[in-house]
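*Asks:* Structure file data_33.csv (CSV, C-alpha atoms and all ligand atoms) is given on the next line.
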```csv
chain,number,residue,atom,x,y,z
A,1,MET,CA,78.2,112.6,74.2
A,2,PRO,CA,75.6,111.3,71.7
A,3,ASN,CA,72.1,110.2,73.0
A,4,LYS,CA,71.9,106.4,73.1
A,5,ILE,CA,71.9,103.5,75.6
A,6,TRP,CA,75.3,103.6,77.1
A,7,ARG,CA,77.1,100.5,78.6
A,8,VAL,CA,80.2,100.8,80.8
A,9,MET,CA,82.4,99.6,77.9
A,10,ASP,CA,81.0,102.1,75.4
A,11,LEU,CA,81.4,104.9,77.9
A,12,LEU,CA,85.0,104.0,78.6
A,13,ASP,CA,85.8,103.8,74.9
A,14,TRP,CA,84.1,107.0,74.0
A,15,THR,CA,85.6,108.9,77.0
A,16,SER,CA,89.1,107.7,76.4
A,17,GLY,CA,88.9,108.7,72.7
A,18,TYR,CA,87.6,112.1,73.7
A,19,PHE,CA,90.4,112.6,76.3
A,20,GLU,CA,92.9,111.6,73.7
A,21,GLN,CA,91.6,114.2,71.2
A,22,HIS,CA,92.1,116.8,73.9
A,23,GLY,CA,95.7,115.8,74.7
A,24,ILE,CA,95.0,114.2,78.1
A,25,PRO,CA,98.1,112.1,78.9
A,26,ASN,CA,96.6,108.8,80.2
A,27,PRO,CA,93.2,108.8,78.5
A,28,ARG,CA,92.0,105.2,79.3
A,29,LEU,CA,93.2,105.2,82.9
A,30,ASP,CA,91.6,108.6,83.6
A,31,ALA,CA,88.3,107.5,82.0
A,32,GLU,CA,88.3,104.3,84.2
A,33,VAL,CA,89.2,106.2,87.4
A,34,LEU,CA,86.5,108.8,86.8
A,35,LEU,CA,83.7,106.4,85.9
A,36,GLY,CA,84.7,104.1,88.8
A,37,HIS,CA,84.6,107.1,91.1
A,38,LEU,CA,81.1,108.1,90.0
A,39,LEU,CA,79.7,104.5,90.1
A,40,ASP,CA,81.6,103.8,93.3
A,41,LYS,CA,83.3,100.8,91.7
A,42,SER,CA,87.0,99.8,91.5
A,43,ARG,CA,88.5,99.6,88.0
A,44,LEU,CA,88.4,95.8,88.3
A,45,GLN,CA,84.7,96.0,89.1
A,46,LEU,CA,84.1,98.1,86.1
A,47,TYR,CA,85.6,95.4,83.9
A,48,LEU,CA,83.4,92.8,85.6
A,49,HIS,CA,80.4,95.0,84.8
A,50,PHE,CA,81.4,95.8,81.3
A,51,GLU,CA,78.0,95.2,79.8
A,52,MET,CA,76.1,97.1,82.5
A,53,PRO,CA,73.9,100.0,81.2
A,54,VAL,CA,74.6,103.5,82.7
A,55,PHE,CA,71.5,105.7,83.0
A,56,GLN,CA,70.9,109.4,82.9
A,57,GLU,CA,71.3,109.8,86.6
A,58,HIS,CA,75.0,109.0,86.2
A,59,LEU,CA,75.5,110.2,82.6
A,60,THR,CA,74.8,113.8,83.6
A,61,PRO,CA,77.3,114.1,86.4
A,62,PHE,CA,79.8,112.0,84.3
A,63,ARG,CA,79.6,114.7,81.6
A,64,GLU,CA,80.6,117.2,84.3
A,65,LEU,CA,83.6,115.2,85.3
A,66,ILE,CA,84.7,114.8,81.7
A,67,LYS,CA,84.4,118.6,81.3
A,68,ARG,CA,86.6,119.2,84.3
A,69,ARG,CA,89.2,116.8,83.1
A,70,ILE,CA,89.3,118.4,79.6
A,71,GLU,CA,90.0,121.7,81.4
A,72,HIS,CA,93.1,119.8,82.8
A,73,THR,CA,91.8,119.5,86.4
A,74,PRO,CA,93.9,116.7,87.8
A,75,VAL,CA,92.0,113.5,88.4
A,76,SER,CA,92.9,113.5,92.1
A,77,TYR,CA,91.2,116.9,92.5
A,78,ILE,CA,88.1,115.6,90.8
A,79,THR,CA,87.9,112.5,92.9
A,80,ASN,CA,89.3,114.2,96.0
A,81,ARG,CA,91.5,111.2,96.6
A,82,LYS,CA,95.2,110.2,96.5
A,83,GLU,CA,96.8,107.1,97.8
A,84,PHE,CA,100.1,107.5,99.6
A,85,LEU,CA,102.0,104.6,101.0
A,86,SER,CA,98.8,102.5,100.7
A,87,LEU,CA,96.9,105.0,102.8
A,88,ASP,CA,94.0,107.1,101.5
A,89,PHE,CA,94.2,110.8,101.6
A,90,TYR,CA,91.8,113.6,100.8
A,91,VAL,CA,93.1,116.3,98.4
A,92,ASP,CA,91.7,119.4,96.7
A,93,GLU,CA,93.1,122.5,95.1
A,94,ARG,CA,94.3,123.9,98.4
A,95,VAL,CA,97.2,121.4,98.4
A,96,LEU,CA,99.8,119.8,96.2
A,97,ILE,CA,98.9,116.3,95.0
A,98,PRO,CA,101.4,114.0,96.8
A,99,ARG,CA,103.9,112.5,94.5
A,100,PRO,CA,105.3,108.9,94.6
A,101,GLU,CA,108.9,110.3,95.0
A,102,THR,CA,107.8,111.6,98.4
A,103,GLU,CA,107.0,108.2,99.6
A,104,GLN,CA,110.7,107.5,99.6
A,105,LEU,CA,111.2,110.4,102.1
A,106,VAL,CA,108.9,108.7,104.6
A,107,GLU,CA,110.4,105.3,104.0
A,108,THR,CA,113.9,106.7,104.6
A,109,VAL,CA,112.9,108.1,108.0
A,110,LEU,CA,111.2,104.8,109.0
A,111,ALA,CA,114.2,102.7,107.8
A,112,THR,CA,116.7,104.7,110.0
A,113,ASN,CA,114.6,104.9,113.1
A,114,THR,CA,115.8,104.0,116.6
A,115,ASP,CA,113.9,102.3,119.4
A,116,THR,CA,113.6,105.7,121.1
A,117,PRO,CA,110.5,107.7,120.2
A,118,GLN,CA,111.6,110.6,118.0
A,119,ARG,CA,110.6,114.2,117.9
A,120,LEU,CA,110.0,115.2,114.3
A,121,LEU,CA,109.3,118.5,112.6
A,122,GLU,CA,107.8,118.6,109.1
A,123,LEU,CA,107.9,121.9,107.3
A,124,GLY,CA,105.4,122.6,104.5
A,125,THR,CA,103.1,119.7,105.3
A,126,GLY,CA,100.5,120.5,102.6
A,127,SER,CA,97.9,117.7,102.6
A,128,GLY,CA,99.7,116.2,105.6
A,129,VAL,CA,100.7,113.0,103.9
A,130,ILE,CA,104.3,112.9,105.4
A,131,ALA,CA,103.4,113.7,109.0
A,132,THR,CA,100.3,111.5,108.9
A,133,SER,CA,101.9,108.4,107.4
A,134,LEU,CA,104.8,108.7,109.9
A,135,ALA,CA,102.3,109.0,112.7
A,136,VAL,CA,100.4,106.0,111.5
A,137,HIS,CA,103.7,103.9,111.4
A,138,GLN,CA,105.2,105.4,114.6
A,139,ALA,CA,102.5,105.9,117.2
A,140,GLU,CA,105.0,107.0,119.9
A,141,TRP,CA,106.6,109.8,117.9
A,142,ASP,CA,105.9,113.4,118.7
A,143,ILE,CA,105.3,115.3,115.4
A,144,VAL,CA,105.0,119.0,114.7
A,145,ALA,CA,103.8,119.9,111.1
A,146,THR,CA,103.8,123.4,109.7
A,147,ASP,CA,102.7,125.2,106.6
A,148,ILE,CA,102.6,128.8,105.5
A,149,SER,CA,99.2,128.2,103.9
A,150,GLU,CA,96.2,128.1,106.3
A,151,PRO,CA,94.0,126.5,103.6
A,152,ALA,CA,96.5,123.7,103.2
A,153,LEU,CA,96.7,123.1,107.0
A,154,ALA,CA,92.9,122.7,107.1
A,155,VAL,CA,93.3,119.8,104.6
A,156,ALA,CA,96.2,118.3,106.7
A,157,GLN,CA,94.1,118.5,109.8
A,158,LYS,CA,91.2,116.7,108.0
A,159,ASN,CA,93.6,113.9,106.9
A,160,ALA,CA,95.1,113.5,110.4
A,161,GLU,CA,91.5,113.2,111.8
A,162,ALA,CA,90.7,110.5,109.2
A,163,HIS,CA,93.7,108.5,110.3
A,164,ALA,CA,93.1,109.2,114.0
A,165,CYS,CA,96.5,111.0,114.5
A,166,THR,CA,95.4,114.4,115.8
A,167,THR,CA,96.7,113.9,119.3
A,168,GLN,CA,100.1,112.9,117.9
A,169,ILE,CA,100.6,115.8,115.4
A,170,THR,CA,100.6,119.5,116.4
A,171,PHE,CA,99.8,121.6,113.4
A,172,MET,CA,101.2,125.2,113.3
A,173,SER,CA,100.9,127.9,110.6
A,174,GLY,CA,103.7,130.2,109.5
A,175,ASP,CA,106.8,130.8,107.5
A,176,LEU,CA,109.3,128.0,107.8
A,177,PHE,CA,110.7,128.0,111.4
A,178,GLU,CA,108.7,131.1,112.6
A,179,PRO,CA,106.0,129.0,114.3
A,180,ILE,CA,108.7,126.9,116.2
A,181,LYS,CA,110.1,130.1,117.7
A,182,MET,CA,106.8,130.7,119.4
A,183,ILE,CA,107.0,127.4,121.4
A,184,ASP,CA,107.8,128.6,124.9
A,185,ILE,CA,109.4,125.3,126.3
A,186,PRO,CA,113.0,125.3,125.0
A,187,GLU,CA,113.2,121.4,124.7
A,188,LYS,CA,110.1,121.4,122.5
A,189,ARG,CA,112.0,123.6,120.0
A,190,GLN,CA,114.5,120.7,119.4
A,191,PHE,CA,113.9,117.9,117.0
A,192,ASP,CA,115.6,114.6,116.1
A,193,TRP,CA,114.3,114.9,112.6
A,194,ILE,CA,113.4,117.9,110.4
A,195,VAL,CA,111.8,116.8,107.1
A,196,CYS,CA,110.6,118.8,104.2
A,197,ASN,CA,109.4,118.5,100.7
A,198,PRO,CA,109.8,122.2,99.8
A,199,PRO,CA,108.7,124.1,96.7
A,200,TYR,CA,111.7,124.0,94.3
A,201,ILE,CA,110.7,124.9,90.8
A,202,LYS,CA,112.3,128.0,89.2
A,203,ASN,CA,109.8,130.8,88.3
A,204,VAL,CA,111.1,130.6,84.7
A,205,GLU,CA,110.1,127.0,84.5
A,206,ARG,CA,106.4,127.8,84.8
A,207,ASP,CA,105.6,127.5,81.1
A,208,SER,CA,107.3,124.1,80.8
A,209,LEU,CA,105.0,122.5,83.4
A,210,SER,CA,102.0,120.5,82.4
A,211,LEU,CA,98.7,122.4,82.4
A,212,ASP,CA,97.4,120.1,85.1
A,213,VAL,CA,100.2,121.3,87.4
A,214,ARG,CA,100.6,124.9,86.2
A,215,ASP,CA,96.9,125.9,86.2
A,216,HIS,CA,95.6,123.8,89.2
A,217,GLU,CA,98.2,123.1,91.9
A,218,PRO,CA,98.9,125.9,94.4
A,219,GLU,CA,101.7,128.2,93.3
A,220,ILE,CA,103.1,128.4,96.9
A,221,ALA,CA,103.6,124.7,96.8
A,222,LEU,CA,105.6,124.8,93.5
A,223,PHE,CA,107.7,127.8,93.0
A,224,ALA,CA,110.8,129.0,94.8
A,225,GLY,CA,112.2,132.1,93.2
A,226,ASP,CA,114.5,132.6,90.2
A,227,ASP,CA,116.8,129.7,91.1
A,228,GLY,CA,114.2,127.4,92.8
A,229,LEU,CA,116.3,127.5,96.0
A,230,THR,CA,114.8,130.2,98.1
A,231,VAL,CA,113.2,127.8,100.6
A,232,ILE,CA,116.0,125.2,100.4
A,233,ARG,CA,118.6,127.8,101.1
A,234,ARG,CA,116.8,128.9,104.3
A,235,LEU,CA,116.1,125.3,105.3
A,236,ILE,CA,119.8,124.4,105.2
A,237,SER,CA,121.0,127.4,107.1
A,238,GLU,CA,118.3,127.6,109.8
A,239,ALA,CA,117.7,123.9,110.5
A,240,PRO,CA,120.7,123.4,112.8
A,241,GLN,CA,119.3,125.8,115.3
A,242,TYR,CA,116.4,123.3,115.8
A,243,LEU,CA,118.2,120.0,115.5
A,244,SER,CA,119.1,117.9,118.6
A,245,PRO,CA,122.6,116.4,118.9
A,246,ASN,CA,122.8,113.7,116.1
A,247,GLY,CA,119.7,115.3,114.6
A,248,LYS,CA,118.9,114.8,110.9
A,249,LEU,CA,117.6,117.0,108.2
A,250,LEU,CA,116.0,115.2,105.3
A,251,PHE,CA,114.5,117.0,102.3
A,252,GLU,CA,113.5,116.6,98.7
A,253,ILE,CA,115.2,118.5,95.8
A,254,GLY,CA,114.6,118.9,92.1
A,255,ALA,CA,116.2,116.4,89.7
A,256,THR,CA,118.9,118.9,88.7
A,257,GLN,CA,119.6,120.7,92.0
A,258,ALA,CA,122.1,118.4,93.6
A,259,GLU,CA,125.2,120.4,92.7
A,260,SER,CA,123.8,123.7,94.0
A,261,VAL,CA,122.5,122.0,97.2
A,262,CYS,CA,125.9,120.4,97.7
A,263,ALA,CA,127.5,123.9,97.7
A,264,LEU,CA,125.0,125.2,100.2
A,265,ILE,CA,125.5,122.4,102.7
A,266,ASN,CA,129.3,122.6,102.4
A,267,ALA,CA,129.0,126.3,103.3
A,268,GLU,CA,127.2,125.4,106.5
A,269,PRO,CA,129.7,124.2,109.2
A,270,ALA,CA,127.0,122.7,111.5
A,271,TYR,CA,126.6,119.6,109.4
A,272,CYS,CA,129.1,116.8,110.0
A,273,ARG,CA,128.0,114.6,107.0
A,274,TYR,CA,125.5,114.4,104.2
A,275,GLU,CA,124.4,112.2,101.4
A,276,PHE,CA,122.1,112.2,98.4
A,277,LEU,CA,119.6,109.4,97.9
A,278,LYS,CA,118.4,108.6,94.4
A,279,ASP,CA,114.9,108.2,93.3
A,280,TYR,CA,113.6,105.3,91.2
A,281,ALA,CA,114.8,107.1,88.0
A,282,LYS,CA,118.3,107.2,89.5
A,283,LYS,CA,118.2,111.0,90.0
A,284,ASP,CA,119.5,112.6,93.2
A,285,ARG,CA,116.2,113.3,94.9
A,286,LEU,CA,116.7,113.4,98.7
A,287,VAL,CA,119.3,115.0,100.9
A,288,LEU,CA,120.1,113.6,104.3
A,289,ALA,CA,122.3,115.8,106.4
A,290,SER,CA,123.3,115.2,110.0
A,291,VAL,CA,124.7,117.3,112.9
A,292,PRO,CA,127.2,115.7,115.2
A,293,SER,CA,126.6,114.4,118.8
A,294,ALA,CA,128.4,117.4,120.1
A,295,HIS,CA,126.0,119.8,118.3
A,296,ILE,CA,124.7,122.6,120.5
A,297,PRO,CA,121.3,123.9,119.3
A,298,VAL,CA,121.0,127.6,119.7
B,1,LIG,C1,105.9,120.8,97.6
B,1,LIG,S1,104.6,121.1,98.7
B,1,LIG,C2,104.7,119.7,99.8
B,1,LIG,C3,103.4,119.3,100.4
B,1,LIG,C4,103.5,117.9,101.1
B,1,LIG,N1,104.4,118.0,102.2
B,1,LIG,C5,103.8,116.8,100.2
B,1,LIG,O1,105.0,116.3,100.2
B,1,LIG,O2,103.0,116.4,99.4
B,1,LIG,C6,105.3,122.4,99.6
B,1,LIG,C7,104.5,122.9,100.8
B,1,LIG,O3,105.2,123.9,101.5
B,1,LIG,C8,104.4,125.0,101.8
B,1,LIG,N2,105.3,126.2,101.9
B,1,LIG,C9,105.8,126.9,100.9
B,1,LIG,N3,106.6,127.9,101.3
B,1,LIG,C10,106.6,127.8,102.7
B,1,LIG,C11,107.2,128.5,103.7
B,1,LIG,N4,108.0,129.5,103.5
B,1,LIG,N5,107.0,128.1,105.0
B,1,LIG,C12,106.2,127.0,105.3
B,1,LIG,N6,105.6,126.3,104.3
B,1,LIG,C13,105.8,126.7,103.0
B,1,LIG,C14,103.4,125.1,100.7
B,1,LIG,O4,102.2,125.7,101.2
B,1,LIG,C15,103.2,123.6,100.4
B,1,LIG,O5,102.1,123.0,101.2
```
What would the structure in this file look like if it were written as structure tokens?
Ligand SMILES: C[S@@+](CC[C@H](N)C(=O)[O-])C[C@H]1O[C@@H](n2cnc3c(N)ncnc32)[C@H](O)[C@@H]1O
*Replies:*
Amino acid sequence: MPNKIWRVMDLLDWTSGYFEQHGIPNPRLDAEVLLGHLLDKSRLQLYLHFEMPVFQEHLTPFRELIKRRIEHTPVSYITNRKEFLSLDFYVDERVLIPRPETEQLVETVLATNTDTPQRLLELGTGSGVIATSLAVHQAEWDIVATDISEPALAVAQKNAEAHACTTQITFMSGDLFEPIKMIDIPEKRQFDWIVCNPPYIKNVERDSLSLDVRDHEPEIALFAGDDGLTVIRRLISEAPQYLSPNGKLLFEIGATQAESVCALINAEPAYCRYEFLKDYAKKDRLVLASVPSAHIPV
């Protein structure tokens, strides 16, 4: 960055050009978000202060943010912020950055709710966006959220605190349903809903991922064996043991996994029906499977 008097508009032009040279996908947007973050201004406010000079006290840290972005650190890890269903969440490299597709999972649960408060289990909570946004919208629901990663659970806990949901969500650490087996009251091991956004990328797809994802997001949140189904396979076969009569399992899948997932559900007699829900790109993205009213949890 050459030495001169910099105004907001010059900085944005220079930074977006520099990002473009380095193959950063949304150069202008990223420049605006990062400068706005540093100056504590929204993108609109930046435009309203286009002529404002930016002094050394901000230029030095801004150079550091630019450097991190050139190394393909995702913008959300630099700003430690991600919006999900219009709520603000803290994120860092301990957790997956929540994706817009996952908002649909939460909206599906909220759209099919009953008047009765529900017991809901979220497996693989990561930053806690699913559990926390459900708790914010359904203050009477009892939610258990688990993750195999203790560092991720610390982030989820922080987000639940920020949204005043800690009394409503019980966080537990462990592999898939293992923590639930430790609950000593049998009724507390039964759920009306089990929801999950599992890891589902095949190991061989590693090199096709963007550098932002491949080099910065937690591996445990992304990869699921040679066929991408190691977690989904267990989820489908084990969930019925923890579902109440009429209970529902709702989970996200990869854009090309519908056929394999269909075969896995058909092989599991506990489910009485299931459907795929499409994302905004018209790809099968969510699976909603139900057990019947006569279902007997083990
Ligand atoms: C795709 S991320 C989803 C995070 C968050 N729920 C979201 O939608 O943004 C998957 C999460 O599952 C967790 N995970 C992976 N394998 C797991 C397992 N066997 N048992 C529990 N959690 C697991 C990862 O640590 C990660 O936080």
*Asks:* State, in Å with one decimal place, the distance from atom N6 of ligand LIG 1 (chain B) to atom CA of A:Thr125.
*Replies:*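 Answer for the atom N6 of ligand LIG 1 (chain B) to atom CA of A:Thr125 separation: 7.1 Å.
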*Asks:* Can you tell me, as a compact mmCIF listing (two decimals) with C-alpha atoms, in the frame of the given file, what residues are no more than 12 Å from A:Leu249 when counting only C-alpha atoms, ignoring any on the same chain fewer than 5 positions away?
*Replies:*
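Output file out-v7.txt follows:
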```txt
# COMPACT_ATOMS: atom_id res chain seq x y z
CA LEU A 105 111.20 110.40 102.10
CA THR A 108 113.90 106.70 104.60
CA VAL A 109 112.90 108.10 108.00
CA LEU A 120 110.00 115.20 114.30
CA LEU A 121 109.30 118.50 112.60
CA GLU A 122 107.80 118.60 109.10
CA LEU A 123 107.90 121.90 107.30
CA PHE A 191 113.90 117.90 117.00
CA ASP A 192 115.60 114.60 116.10
CA TRP A 193 114.30 114.90 112.60
CA ILE A 194 113.40 117.90 110.40
CA VAL A 195 111.80 116.80 107.10
CA CYS A 196 110.60 118.80 104.20
CA ASN A 197 109.40 118.50 100.70
CA ILE A 232 116.00 125.20 100.40
CA LEU A 235 116.10 125.30 105.30
CA ILE A 236 119.80 124.40 105.20
CA SER A 237 121.00 127.40 107.10
CA GLU A 238 118.30 127.60 109.80
CA ALA A 239 117.70 123.90 110.50
CA PRO A 240 120.70 123.40 112.80
CA GLN A 241 119.30 125.80 115.30
CA TYR A 242 116.40 123.30 115.80
CA LEU A 243 118.20 120.00 115.50
CA SER A 244 119.10 117.90 118.60
CA ILE A 265 125.50 122.40 102.70
CA ALA A 270 127.00 122.70 111.50
CA TYR A 271 126.60 119.60 109.40
CA CYS A 272 129.10 116.80 110.00
CA ARG A 273 128.00 114.60 107.00
CA TYR A 274 125.50 114.40 104.20
CA GLU A 275 124.40 112.20 101.40
CA PHE A 276 122.10 112.20 98.40
CA LEU A 286 116.70 113.40 98.70
CA VAL A 287 119.30 115.00 100.90
CA LEU A 288 120.10 113.60 104.30
CA ALA A 289 122.30 115.80 106.40
CA SER A 290 123.30 115.20 110.00
CA VAL A 291 124.70 117.30 112.90
CA PRO A 292 127.20 115.70 115.20
```
*Asks:* Could you name the residues that touch A:Thr116 at 12 Å or less, counting all atoms listed in the file, but leaving out those on the same chain fewer than 3 positions away, as a list in words?
*Replies:* Thr112, Asn113, Arg119, Gln138, Ala139, Glu140, Trp141, Asp142 and Asp192 of chain A
*Asks:* Near A:Asp212, within 10 Å and counting all atoms listed in the file, which residues show up once chain neighbours fewer than 5 positions away are dropped, as a list of chain:residue names?
*Replies:*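 My list of contacting residues is A:Ile24, A:Arg69, A:Ile70, A:Glu71, A:His72, A:Thr73, A:Pro74, A:Val75, A:Glu217.
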*Asks:* Using all atoms listed in the file, which residues of chain A come within 8 Å of ligand LIG 1 (chain B), and what is the closest atom pair for each, with the distance in Å to one decimal? Give it as a tab-separated table, sorted by chain and residue number.
*Replies:*
```
residue	atom	partner	partner_atom	distance
A:Val95	CA	B:LIG1	O5	5.9
A:Leu96	CA	B:LIG1	C3	5.6
A:Ile97	CA	B:LIG1	O2	6.0
A:Pro98	CA	B:LIG1	O2	3.9
A:Arg99	CA	B:LIG1	O2	6.3
A:Thr102	CA	B:LIG1	O1	5.8
A:Glu122	CA	B:LIG1	N1	7.7
A:Leu123	CA	B:LIG1	C12	5.7
A:Gly124	CA	B:LIG1	O3	3.3
A:Thr125	CA	B:LIG1	N1	3.8
A:Gly126	CA	B:LIG1	O5	3.3
A:Ser127	CA	B:LIG1	C4	5.8
A:Gly128	CA	B:LIG1	N1	6.1
A:Val129	CA	B:LIG1	O2	6.1
A:Ile130	CA	B:LIG1	N1	6.0
A:Thr146	CA	B:LIG1	C12	6.2
A:Asp147	CA	B:LIG1	N6	3.9
A:Ile148	CA	B:LIG1	C12	4.0
A:Ser149	CA	B:LIG1	O4	4.7
A:Ala152	CA	B:LIG1	O5	6.0
A:Leu153	CA	B:LIG1	O5	7.9
A:Ser173	CA	B:LIG1	C12	7.5
A:Gly174	CA	B:LIG1	C12	5.8
A:Asp175	CA	B:LIG1	N5	3.7
A:Leu176	CA	B:LIG1	N5	3.6
A:Phe177	CA	B:LIG1	N5	7.4
A:Cys196	CA	B:LIG1	N1	6.6
A:Asn197	CA	B:LIG1	C2	4.9
A:Pro198	CA	B:LIG1	C6	4.5
A:Pro199	CA	B:LIG1	C1	4.4
A:Tyr200	CA	B:LIG1	C1	7.4
A:Pro218	CA	B:LIG1	O4	7.6
A:Ile220	CA	B:LIG1	C14	5.0
A:Ala221	CA	B:LIG1	C15	3.8
A:Leu222	CA	B:LIG1	C1	5.7
A:Ala224	CA	B:LIG1	N3	7.8
A:Val231	CA	B:LIG1	N4	6.2
```
*Asks:* Leaving out A:Phe62 and any residue of its chain fewer than 2 positions from it, which residues lie within 10 Å of it when counting only C-alpha atoms, given as a VMD selection string?
*Replies:* chain A and resid 11 15 31 34 to 35 37 to 39 56 to 60 64 to 68
*Asks:* Measuring atom to atom with all atoms listed in the file, identify which of A:Leu29, A:Val136, A:Leu46, A:Val106 is nearest to A:Glu252.
*Replies:*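 Among the listed residues, A:Val106 lies closest to A:Glu252.
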*Asks:* Neighbours of A:Ala160 within 12 Å (all atoms listed in the file; same-chain residues fewer than 3 positions away dropped), as number ranges by chain?
*Replies:* A: 87-90, 125-136, 143, 145, 153-157, 163-171
*Asks:* Work out how far apart atom CA of A:Gly23 and atom CA of A:Val91 are and give it in Å to one decimal.
*Replies:*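 Computing the Euclidean distance for atom CA of A:Gly23 and atom CA of A:Val91 yields 23.8 Å.
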*Asks:* Tell me, in Å to one decimal, how far atom CA of A:Thr79 is from atom CA of A:Pro61.
*Replies:* 12.5 Å
*Asks:* Of the candidates A:Thr230, A:Ile185, A:Phe251, A:Lys41, which one gets nearest to A:Lys202 if we count only C-alpha atoms?
*Replies:*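 So, comparing all the options, the nearest one is A:Thr230.
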